[in-house]
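Asks: Okay, handing you the structure first.
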Amino acid sequence: MTTQQHIRISDIANHAGKEVTLKGWLANRRGSGKIQFLHLRDGTGYIQGVMGVQDVDEDTFAKVKKTGQEASVIVTGIVNKEERAPYCGHELHVKAVEVVGDSAEYPIAKKAHGDAFLMDNRHLWLRSRRQNLILRVRATLVKAIRDYLDDNGFLLVDSPIFTPNACEGTSTLFETEWFDGRSAYLSQSGQLYQEATAMAFGKTYCFGPTFRAEKSKTRRHLNEFWMVEPEAAFMTLEEDMDLMENFLQSIIKTAIEKHGDELESILERDLTHLKAATEPFYRLHYDEAIEKIQELHAKEENPEVKKLLAIEWGSDFGSRHETELTKLYDRPVMVYGFPSQIKAFYFKKWDGRPEVSRSVDVLAPEGYGEIIGGGEREPSLENLISEIEQHGLDQKDVEWYLDLRRYGSVPHAGFGLGLERTVAWVCGISHVRETIPFARTLDRLNP
Ligand code: 4AD
Ligand code: MG
C-alpha cells in the first residue's frame, strides 16, 4: 500500500520506461550550460538525473544550475534502464524540477573533514551514503535479532531503564534523584529483570538502550548503547554458548544476504571473515587464552605493544589483549571460564574451581574483540548473598532478585550482545560512534 503519489528510488526498477516523480535532495550536481547531471537521493537510494537545456523550461534550468548541494527538490522524468549509469542501473531523463528548499554552502563538502567536525555535524552527516548504509545495516541487524529470538521461543519483555541498584558493578552508574530523595540509576543492563521474566515465561529477552558512565575514550565505548539480552530458565553455560553461536551466525548471515554487495562497494568491506562466521566458532578456556596471550607477549618486539600485552592469570583482558588474540582466528572465539574476581556478582562458580566463573565472552575476529558477554547464573541463595556482600552491594536493594532463588530456583543462563560493536564489525568500521544515530561519549552530548 502506498499513501503517496511519488515513488521512492529503491523501487525505481519497477518503473523503467515510465514517467515518475521523485522527492528528495540534490546530493551533488555537475555539468555545463547545456546539460546538468543531478545526483538525486531520497533516503532509499541514489539515481542520476540527466537534464538537457532543451528538456525543461529556461527558468528551471537556470534555477537548478544555481542550487546548492542538499537542496530539496521534486523531480519528474522518464526512467531509463541504463547499465552504465551510476548508482542503480537506471537514470532519470528530467522533464521538470521544483526546488522546495534551497541549500547554500552546505557544511559537509566533498573534501575530507576531520572526525570531530563530522560528529559536530552528525545531523547532516547522516545524509551521506556511507552513514546511510551503516544505519540501514543497524536496522537489518535489529530486525534479524528480534526475528531470531521471536522464532526460537523467546518472549520480548522490556526491562526498566530506571533502576535502584547496579547490575554490572557500581563504578559506572549514571545517577539521578528519585522523587523521595533516593538515588535512581540508569540501567547498565536489563539482565536481573530478565532473570525474573525467564522464571515467569521460560525464555525472554529485552532489547533497548543501556547506560554506562565509563570514562573510556576508546573506539569501542559509548556511554549510551543498545544491548539485546536473552535469558532462559534451565539453560547451562554450554547450551548458552550453543545459543550465542547459532544466534550470531543467523544474524550475520542475514546481514550478508541483505547488504553484502553494498558493504563491498560502499564501505570496501572484505567479507571473508564475516562469511567464515557462519562456520562453528572456536571455544577457548580462559586458562588457554592467557597462555596464548603470554606467548604473543613473549614474541612481541615493539616495546609499547609488549607492555600492553603483559598479563597474568586473574586479570581481565584489555582491548589490546583481545585485539591480538582474535587476530589468531578467522572466526569468532568464545573465551569461557573467566576468573570470578573480575566478573559480576551473579555468575555461578565452576564445579571444584570456585575461583573460576561460568562466564563467556564472544570475541569478534579482525581485532574487533568482545561483542557478547554472558554465562550461567548462580542459582544458590546462600552463595549469592555472600557474593553480594563481597561486591559491596546493598542486599535490601536486591531482595526481590534473591526471591528468584527462594522460590523455585533453577539453573539458568543468558547473554548480552552489544549492537553497536556488532554493527562496527559487520561494516568493518573502526569506531562505534558511526554505528548509532547520535553517539553519546565522554566528550559528546551534542547534537
Ligand atoms: O559484558 P557486558 O557488560 O555484560 C552484561 O551487561 C551482562 N549483564 C549481559 C547479560 O548477560 N545479560 O556487556 C555486554 C555487551 C558487551 O559484550 C559489549 O558488546 C556491549 O555490551 N558493551 C558496550 N558497547 C558499547 N559501549 C560500551 N561502553 C559497552 N559496554 C558493553
Ligand atoms: Mg563484558
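Naming scheme: A, B, ... for chains in displayed order of the C-alpha cells; residues 1 onward per chain; ligands 1 onward as shown.
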Give the helix (DSSP H, G or I) residues of segment 26-224 of chain A, as DSSP finds them on the backbone, and put them as number ranges by chain.
Replies: A: 58-66, 115-120, 122-125, 129-151, 170-172, 191-201
Asks: Give me the residues near Asp42 of chain A as number ranges by chain, where near means some atom within 8 Å (using only C-alpha atoms) and where sequence neighbours in that chain fewer than 4 positions away do not count.
Replies: A: 8-9, 22-25, 46
Asks: Pick out the residues no farther than 7 Å from ligand 1, counting only C-alpha atoms and all ligand atoms, and list them as an NGL selection string.
Replies: :A and (167-168 or 188-191 or 212 or 214 or 220-225 or 227 or 229-231 or 361 or 370-375 or 414-421)
Asks: Considering only C-alpha atoms and all ligand atoms, can you say which of A:His321, A:His123, A:Arg146, A:Lys343 comes closest to ligand 2?
Replies: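 Selected residue with least distance to ligand 2: A:Lys343.
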Asks: Compile the contact shell of Gln390 of chain A as a ChimeraX atom specification: residues with an atom at most 12 Å away, counting only C-alpha atoms, same-chain residues fewer than 5 positions apart removed.
Replies: /A:169,340-341,344-346,383-385,395
Asks: Store the residues picked out above, limited to N, CA and C atoms, as a tab-separated table (two decimals), in the first residue's frame.
Replies:
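The resulting file, out.tsv, is reproduced below:
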```
chain	number	residue	atom	x	y	z
A	169	GLY	N	28.23	-3.67	38.41
A	169	GLY	CA	29.26	-3.00	39.23
A	169	GLY	C	28.93	-1.54	39.41
A	340	SER	N	36.58	-15.54	38.68
A	340	SER	CA	35.40	-14.98	39.36
A	340	SER	C	35.64	-13.54	39.79
A	341	GLN	N	36.88	-13.25	40.21
A	341	GLN	CA	37.17	-11.93	40.78
A	341	GLN	C	37.00	-10.77	39.80
A	344	ALA	N	31.04	-10.10	37.27
A	344	ALA	CA	29.94	-9.59	38.10
A	344	ALA	C	29.52	-10.61	39.16
A	345	PHE	N	28.77	-10.15	40.14
A	345	PHE	CA	28.41	-10.97	41.31
A	345	PHE	C	27.52	-12.16	41.01
A	346	TYR	N	26.81	-12.10	39.88
A	346	TYR	CA	25.75	-13.09	39.67
A	346	TYR	C	26.21	-14.38	39.00
A	383	ASN	N	25.10	-18.70	48.30
A	383	ASN	CA	26.27	-18.21	47.56
A	383	ASN	C	26.06	-16.80	47.04
A	384	LEU	N	24.84	-16.55	46.58
A	384	LEU	CA	24.54	-15.24	46.00
A	384	LEU	C	24.65	-14.15	47.08
A	385	ILE	N	24.12	-14.43	48.26
A	385	ILE	CA	24.19	-13.45	49.36
A	385	ILE	C	25.65	-13.13	49.68
A	395	GLN	N	22.13	-5.50	50.16
A	395	GLN	CA	21.22	-6.64	49.99
A	395	GLN	C	19.76	-6.22	49.90
```
Asks: Report as a PyMOL selection string all protein, DNA and RNA residues lying within 10 Å of Ala139 of chain A, evaluated on only C-alpha atoms, omitting residues in the same chain fewer than 6 positions from it.
Replies: chain A and resi 133+145+255+423
Asks: Let me see the file: selected residues, C-alpha atoms, as a tab-separated table (two decimals), in the first residue's frame.
Replies:
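Wrote again17.tsv, looks like this:
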```tsv
chain	number	residue	atom	x	y	z
A	133	LEU	CA	24.36	2.25	4.71
A	145	ILE	CA	17.93	-10.24	16.21
A	255	ALA	CA	23.29	-9.04	7.11
A	423	VAL	CA	27.39	-3.20	13.55
```
Asks: Give me, as JSON, numbers by chain, all polymer residues having an atom no more than 9 Å from Leu404 of chain A, counting only C-alpha atoms and skipping those fewer than 2 positions away in the same chain.
Replies: {"A": [195, 196, 199, 379, 381, 400, 401, 402, 406, 407, 408, 409, 410]}
Asks: Would you please work out which residue, of A:Asp316, A:Glu19, A:Asp270, A:Asp397, is nearest to ligand 2 when using only C-alpha atoms and all ligand atoms?
Replies: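 Ranking A:Asp316, A:Glu19, A:Asp270, A:Asp397 by distance to ligand 2, first place goes to A:Asp316.
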Asks: With only C-alpha atoms as the counted atoms, please give the residues lying no more than 12 Å from Glu262 of chain A, apart from itself and same-chain residues fewer than 3 positions off, as number ranges by chain.
Replies: A: 45, 87-88, 129-130, 132-134, 136-137, 255-259, 265-271, 426-427
Asks: Can you write just those residues out, C-alpha atoms, as a CSV table (one decimal), in the first residue's frame?
Replies:
```
chain,number,residue,atom,x,y,z
A,45,GLY,CA,18.8,5.2,-2.8
A,87,TYR,CA,24.2,4.0,-8.6
A,88,CYS,CA,21.3,1.9,-9.6
A,129,ARG,CA,26.0,7.4,1.5
A,130,ARG,CA,28.3,5.7,4.0
A,132,ASN,CA,23.1,5.8,5.3
A,133,LEU,CA,24.4,2.2,4.7
A,134,ILE,CA,25.7,1.8,8.2
A,136,ARG,CA,20.5,0.5,7.4
A,137,VAL,CA,22.8,-2.4,8.4
A,255,ALA,CA,23.3,-9.0,7.1
A,256,ILE,CA,25.5,-10.5,4.4
A,257,GLU,CA,22.5,-11.6,2.3
A,258,LYS,CA,20.8,-8.2,2.5
A,259,HIS,CA,23.9,-5.9,2.3
A,265,SER,CA,31.0,-1.4,-2.9
A,266,ILE,CA,30.3,1.5,-0.5
A,267,LEU,CA,32.4,0.5,2.6
A,268,GLU,CA,35.0,-1.6,0.8
A,269,ARG,CA,34.3,-4.3,3.3
A,270,ASP,CA,36.2,-7.6,2.7
A,271,LEU,CA,33.5,-10.2,3.6
A,426,VAL,CA,29.8,-6.2,10.2
A,427,CYS,CA,30.6,-2.9,8.5
```
Asks: For atom CA of Ile251 of chain A and atom CA of Glu264 of chain A, quote the distance in Å rounded to one decimal.
Replies: 18.0 Å
Asks: Taking into account only C-alpha atoms and all ligand atoms, which residue in the set A:Glu322, A:Asp351, A:Glu304, A:Glu399 is nearest to ligand 2?
Replies: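 The closest residue to ligand 2 is A:Glu322.
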Asks: Rank A:Lys63, A:Tyr336, A:Val73, A:Ile78 by their smallest atom-to-atom distance to ligand 2, using only C-alpha atoms and all ligand atoms, and report the top residue only.
Replies: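 Once distances to ligand 2 are computed over only C-alpha atoms and all ligand atoms, the minimum belongs to A:Tyr336.
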Asks: Hey, what's within 9 Å of Ala109 of chain A if we count only C-alpha atoms and toss same-chain stuff fewer than 4 positions away? As a compact mmCIF listing (two decimals) with all heavy atoms, in the first residue's frame, please?
Replies:
```txt
# COMPACT_ATOMS: atom_id res chain seq x y z
N GLN A 69 24.33 22.07 -2.97
CA GLN A 69 24.31 20.68 -2.51
C GLN A 69 23.30 20.55 -1.38
O GLN A 69 23.25 21.39 -0.49
CB GLN A 69 25.72 20.32 -2.02
CG GLN A 69 25.88 18.87 -1.62
CD GLN A 69 27.24 18.62 -0.98
OE1 GLN A 69 28.14 19.46 -1.05
NE2 GLN A 69 27.39 17.47 -0.37
N GLU A 105 25.82 26.82 0.75
CA GLU A 105 27.04 26.47 1.48
C GLU A 105 26.84 25.35 2.49
O GLU A 105 27.04 25.52 3.69
CB GLU A 105 27.63 27.72 2.14
CG GLU A 105 28.18 28.69 1.10
CD GLU A 105 28.55 30.02 1.72
OE1 GLU A 105 29.29 30.00 2.71
OE2 GLU A 105 28.09 31.06 1.21
N HIS A 113 36.85 15.80 5.75
CA HIS A 113 36.72 16.54 7.01
C HIS A 113 37.24 15.66 8.14
O HIS A 113 37.23 14.44 8.05
CB HIS A 113 35.25 16.86 7.29
CG HIS A 113 34.64 17.81 6.31
ND1 HIS A 113 34.95 19.14 6.28
CD2 HIS A 113 33.73 17.60 5.32
CE1 HIS A 113 34.24 19.72 5.31
NE2 HIS A 113 33.51 18.81 4.71
```
Asks: Given the choices A:Leu325, A:Val79, A:Ile47, A:Ala116, which gets closest to Ala16 of chain A if the distance is worked out from only C-alpha atoms?
Replies: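 Under the stated criterion, the closest residue is A:Val79.
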Asks: Rounded to one decimal in Å, what is the spacing between atom CA of Leu155 of chain A and atom CA of Lys143 of chain A?
Replies: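 Distance reported for this atom pair: 14.6 Å.
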Asks: Tell me, which residues of segment 280-406 of chain A carry DSSP strand (DSSP E), written as a list in words?
Replies: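 Output for segment 280-406 of chain A, strand (DSSP E) only: Tyr282, Arg283, Leu284, His285, Val333, Met334, Val335, Tyr336, Lys349, Trp350, Arg353, Pro354, Glu355, Val356, Ser357, Ser359, Val360, Asp361, Val362, Leu363, Ala364, Gly369, Glu370, Ile371, Ile372, Gly373, Gly374, Gly375 and Glu376 of chain A.
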Asks: As an exercise, work out the distance from atom CA of Ala144 of chain A to atom CA of Asn14 of chain A in Å and give it to one decimal place.
Replies: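 That distance, rounded to one decimal, is 26.5 Å.
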Asks: Of the candidates A:Leu445, A:Glu355, A:Ala184, A:Gln131, which shows the shortest atom-to-atom distance to Pro164 of chain A, using only C-alpha atoms?
Replies: A:Ala184
